[in-house]
Amino acid sequence: MSNRGAINKAVIPVAGLGTRFLPATKATPKEMLPVVDKPAIQYVVEEAAASGITDVLFVTGRNKESLENHFDRSPSLEQTLAERGAHEMQAKISGLAGLAAMHYVRQGVPMGLGHAVHMAKDHVGNHAFAVLLGDDLVDVSTPVLPEMYAAQAKFGGSILALMEVPEDQIHLYGCAAVEPTDDAHIVRVTELVEKPAPGTAPSNLAVIGRYVIDPSIFGLLENLAPGRGGEIQLTDALAQLIDLPSESGGGVHAVIFRGKRYDTGDKLSYLKSVVSIALDRDDLGPDLRAWLTTYLAGGN
Ligand code: G1P
């Protein structure tokens with residue numbers, strides 16, 4: 001069982017090839033695609049930092065150098081901005097490296113999300129940790145990690161974030177069957193299936209890309225056979241944690257996320273995310289809304 005206490009380490013897997021966005025992602029990591037004026041991954045790291053994470057381990061792969069550069073200091077750029085009197089932007093740029101202590105480990109061969117998380121074993125040690133998936137952006141106004149930490153403090157073990165999705169979309173996600181607990185905000189997970197075949201899903205509750213995980217997951221991941229898609233699936237190891245006694249770090253609970261989430265994992269969802277986030281911004285929202293209205297009515 002992990003040492004209880006504040007969760008301050010996050011693992012962010014970013015080794016994916018981003019084939020859905022080719023050719024844009026031939027030389028640019030998909031995590032660096034802009035969502036308005038920030039790369040998608042910056043939203044995720046800012047969310048982690050705002051939720052108390054002080055240490056981020058990126059599980060990277062080939063061609064991710066620009067991501068490392070993004071979260072590093074850039075003395076010449078900072079100096080140029082200072083010379084031009086662009087102090088606000090200079091502060092934003094230099095602040096990126098200070099969001100958390102950033103660490104990198106390379107996955108080598110992309111063998112699945114479970115394999116990526118296993119790469120974090122030595123860095124994480126014997127303490128519960130957070131995992132944030134870069135394709136899922138959670139709106140700052142409705143953070144979910146603090147609720148998950150509270151659930152972990154109360155129930156121990158591992159905590160998922162679940163979201164109701166339409167039945168015809170559940171096959172795109174990990175899916176959880178749950179039962180109530182004495183806490184109205186927290187459910188106990190009784191079954192987990194990675195991307196259930198249509199018609200076989202145990203519920204319409206999808207696993208979204210935020211996890212608080214007990215370190216006992218590492219031992220399970222080591223011995224896990226490949227699952228869906230021939231990959232080592234994190235969901236399969238979490239499913240094994242359900243039945244493990246709590247003294248061994250077992251037990252899986254979840255909070256039901258009802259806030260705003262943006263998916264940047266495929267082209268249409270990505271476009272919707274960019275438009276929604278821009279519409280929410282004071283500097284762009286009003287003009288964009290006015291233009292969209294005219295455009296959709298046939299104008300330009
Ligand atoms: C991963 C997980 C899946 C989860 C999803 C959330 O799938 O394997 O269980 O529901 O993230 O975004 P992916 O989208 O990487 O295929």
# chains A, B, ... in the order shown; residues from 1 in each chain; ligands from 1
>>> closest_atom_pairs(of="chain A", to="ligand 1", cutoff="6 Å", atoms="only C-alpha atoms and all ligand atoms", output="tab-separated table")
residue	atom	partner	partner_atom_place_in_ligand_line	distance
A:Asp136	CA	ligand 1	12 (O)	5.9
A:Tyr173	CA	ligand 1	10 (O)	3.4
A:Gly174	CA	ligand 1	9 (O)	3.3
A:Glu194	CA	ligand 1	9 (O)	5.4
A:Ala206	CA	ligand 1	10 (O)	5.7
A:Val207	CA	ligand 1	10 (O)	4.2
A:Ile208	CA	ligand 1	6 (C)	4.2
A:Gly209	CA	ligand 1	6 (C)	4.4
A:Thr235	CA	ligand 1	9 (O)	5.6
>>> select_by_dssp(residues="stretch 6-254 of chain A", states="helix (DSSP H, G or I)", output="MDAnalysis selection string")
chainID A and resid 19:21 30:32 40:50 65:70 75:83 87:98 113:118 121:124 145:155 167:172 217:222 228:230 234:243 246:248
>>> select_by_dssp(residues="stretch 183-277 of chain A", states="strand (DSSP E)", output="VMD selection string")
chain A and resid 186 to 194 205 to 213 252 to 256 261 to 263
>>> atom_distance(atom1="atom CA of A:Lys38", atom2="atom CA of A:Ile277")
11.0 Å
>>> residues_around(residues="stretch 68-73 of chain A", least_positions_apart="4", cutoff="7 Å", atoms="only C-alpha atoms", output="PyMOL selection string")
chain A and resi 64+94+96-97
>>> write_last_selection(atoms="all heavy atoms", output="mmCIF file, in the first residue's frame")
data_model
loop_
_atom_site.group_PDB
_atom_site.id
_atom_site.type_symbol
_atom_site.label_atom_id
_atom_site.label_comp_id
_atom_site.auth_asym_id
_atom_site.auth_seq_id
_atom_site.Cartn_x
_atom_site.Cartn_y
_atom_site.Cartn_z
ATOM 1 N N LYS A 64 10.207 14.353 -29.946
ATOM 2 C CA LYS A 64 9.461 15.143 -28.963
ATOM 3 C C LYS A 64 10.309 16.282 -28.403
ATOM 4 O O LYS A 64 9.976 16.860 -27.374
ATOM 5 C CB LYS A 64 8.969 14.238 -27.815
ATOM 6 C CG LYS A 64 8.102 13.075 -28.271
ATOM 7 C CD LYS A 64 6.694 13.501 -28.675
ATOM 8 C CE LYS A 64 5.909 12.291 -29.181
ATOM 9 N NZ LYS A 64 4.517 12.572 -29.487
ATOM 10 N N SER A 94 8.906 32.733 -19.574
ATOM 11 C CA SER A 94 9.877 32.215 -18.599
ATOM 12 C C SER A 94 9.172 31.372 -17.534
ATOM 13 O O SER A 94 9.770 30.468 -16.949
ATOM 14 C CB SER A 94 10.677 33.357 -17.961
ATOM 15 O OG SER A 94 9.808 34.210 -17.280
ATOM 16 N N LEU A 96 6.965 29.116 -17.937
ATOM 17 C CA LEU A 96 6.628 27.744 -18.353
ATOM 18 C C LEU A 96 7.535 26.705 -17.695
ATOM 19 O O LEU A 96 7.090 25.626 -17.319
ATOM 20 C CB LEU A 96 6.734 27.622 -19.879
ATOM 21 C CG LEU A 96 5.580 28.279 -20.645
ATOM 22 C CD1 LEU A 96 5.895 28.362 -22.126
ATOM 23 C CD2 LEU A 96 4.306 27.489 -20.419
ATOM 24 N N ALA A 97 8.825 27.055 -17.579
ATOM 25 C CA ALA A 97 9.771 26.102 -17.002
ATOM 26 C C ALA A 97 9.540 25.936 -15.496
ATOM 27 O O ALA A 97 9.954 24.937 -14.904
ATOM 28 C CB ALA A 97 11.202 26.562 -17.253
#
>>> residues_around(residues="stretch 161-170 of chain A", least_positions_apart="4", cutoff="9 Å", atoms="only C-alpha atoms", output="list in words")
Val144, Leu145, Met148, Gly174, Cys175, Ala176, Lys195, Pro196, Ala197, Pro198, Gly199, Ala201, Ser203, Asn204, Leu205, Ala206, Val207, Ile208, Gly209, Arg210, Tyr211, Val212, His253, Ala254, Val255, Ile256, Phe257 and Arg258 of chain A
>>> write_last_selection(atoms="C-alpha atoms", output="JSON list (two decimals), in the first residue's frame")
[["chain", "number", "residue", "atom", "x", "y", "z"],
["A", 144, "VAL", "CA", -11.31, 17.23, -11.32],
["A", 145, "LEU", "CA", -7.95, 16.26, -9.75],
["A", 148, "MET", "CA", -9.89, 12.72, -6.95],
["A", 174, "GLY", "CA", -12.35, 2.36, -21.04],
["A", 175, "CYS", "CA", -15.75, 1.58, -19.47],
["A", 176, "ALA", "CA", -16.59, 1.09, -15.77],
["A", 195, "LYS", "CA", -13.00, -0.23, -25.34],
["A", 196, "PRO", "CA", -15.86, -2.75, -25.09],
["A", 197, "ALA", "CA", -17.21, -4.13, -28.36],
["A", 198, "PRO", "CA", -20.52, -2.49, -29.34],
["A", 199, "GLY", "CA", -23.41, -3.91, -27.34],
["A", 201, "ALA", "CA", -20.44, -2.32, -22.45],
["A", 203, "SER", "CA", -22.42, 0.93, -18.52],
["A", 204, "ASN", "CA", -22.23, 4.28, -20.30],
["A", 205, "LEU", "CA", -19.50, 5.51, -17.92],
["A", 206, "ALA", "CA", -16.29, 6.30, -19.78],
["A", 207, "VAL", "CA", -12.85, 6.56, -18.20],
["A", 208, "ILE", "CA", -11.42, 9.99, -18.97],
["A", 209, "GLY", "CA", -7.73, 10.78, -19.03],
["A", 210, "ARG", "CA", -7.17, 11.63, -15.35],
["A", 211, "TYR", "CA", -6.10, 8.97, -12.87],
["A", 212, "VAL", "CA", -4.79, 8.77, -9.31],
["A", 253, "HIS", "CA", -13.09, 4.21, -6.76],
["A", 254, "ALA", "CA", -14.18, 6.99, -9.07],
["A", 255, "VAL", "CA", -15.61, 10.46, -9.19],
["A", 256, "ILE", "CA", -18.19, 11.28, -11.85],
["A", 257, "PHE", "CA", -16.96, 14.22, -13.86],
["A", 258, "ARG", "CA", -19.71, 16.61, -14.90]]
>>> residues_around(residues="A:Lys121", least_positions_apart="2", cutoff="10 Å", atoms="only C-alpha atoms", output="list in words")
Ala116, Val117, His118, Met119, His123, Val124, Gly125, Asn126, Pro215, Ser216, Ile217, Phe218 and Gly219 of chain A
>>> write_last_selection(atoms="C-alpha atoms", output="compact mmCIF listing (two decimals), in the first residue's frame")
# COMPACT_ATOMS: atom_id res chain seq x y z
CA ALA A 116 4.14 3.96 -20.84
CA VAL A 117 2.96 4.24 -17.22
CA HIS A 118 5.26 1.39 -16.21
CA MET A 119 8.21 3.48 -17.46
CA HIS A 123 10.69 7.90 -10.71
CA VAL A 124 7.42 7.53 -8.82
CA GLY A 125 8.56 5.21 -6.02
CA ASN A 126 6.11 3.98 -3.40
CA PRO A 215 2.04 2.24 -6.99
CA SER A 216 1.02 -1.42 -6.68
CA ILE A 217 -0.01 -0.98 -10.35
CA PHE A 218 3.65 -1.34 -11.36
CA GLY A 219 3.89 -4.98 -10.25
>>> atom_distance(atom1="atom CA of A:Val178", atom2="atom CA of A:Ile242")
11.1 Å
>>> residues_around(residues="stretch 133-135 of chain A", least_positions_apart="6", cutoff="8 Å", atoms="only C-alpha atoms", output="ChimeraX atom specification")
/A:12-14,31,40-41,44,209-210,263-265
>>> write_last_selection(atoms="C-alpha atoms", output="mmCIF file, in the first residue's frame")
data_model
loop_
_atom_site.group_PDB
_atom_site.id
_atom_site.type_symbol
_atom_site.label_atom_id
_atom_site.label_comp_id
_atom_site.auth_asym_id
_atom_site.auth_seq_id
_atom_site.Cartn_x
_atom_site.Cartn_y
_atom_site.Cartn_z
ATOM 1 C CA ILE A 12 2.099 12.420 -18.625
ATOM 2 C CA PRO A 13 2.500 9.939 -21.488
ATOM 3 C CA VAL A 14 3.391 11.760 -24.722
ATOM 4 C CA GLU A 31 0.838 17.430 -28.130
ATOM 5 C CA ALA A 40 -2.428 21.353 -26.151
ATOM 6 C CA ILE A 41 0.088 19.927 -23.655
ATOM 7 C CA VAL A 44 -2.542 19.777 -19.261
ATOM 8 C CA GLY A 209 -7.735 10.782 -19.025
ATOM 9 C CA ARG A 210 -7.168 11.628 -15.352
ATOM 10 C CA ASP A 263 -10.981 16.033 -26.605
ATOM 11 C CA THR A 264 -8.069 16.847 -28.906
ATOM 12 C CA GLY A 265 -7.442 13.244 -29.962
#
>>> residues_around(residues="A:Gly52", least_positions_apart="6", cutoff="12 Å", atoms="only C-alpha atoms", output="NGL selection string")
:A and (6-10 or 45-46 or 99-100 or 129-130 or 143 or 145-146 or 149)
>>> write_last_selection(atoms="C-alpha atoms", output="compact mmCIF listing (two decimals), in the first residue's frame")
# COMPACT_ATOMS: atom_id res chain seq x y z
CA ALA A 6 -0.30 14.82 -0.78
CA ILE A 7 0.01 13.66 -4.35
CA ASN A 8 2.68 15.74 -6.04
CA LYS A 9 3.97 13.63 -8.92
CA ALA A 10 2.24 13.34 -12.27
CA VAL A 45 0.63 20.83 -17.42
CA GLU A 46 -1.05 24.04 -16.19
CA LEU A 99 5.24 25.19 -13.67
CA ALA A 100 6.77 22.04 -12.15
CA PHE A 129 0.64 9.44 -8.32
CA ALA A 130 -1.46 11.17 -10.94
CA PRO A 143 -10.98 20.91 -12.17
CA LEU A 145 -7.95 16.26 -9.75
CA PRO A 146 -8.62 17.87 -6.33
CA TYR A 149 -7.23 13.42 -4.30
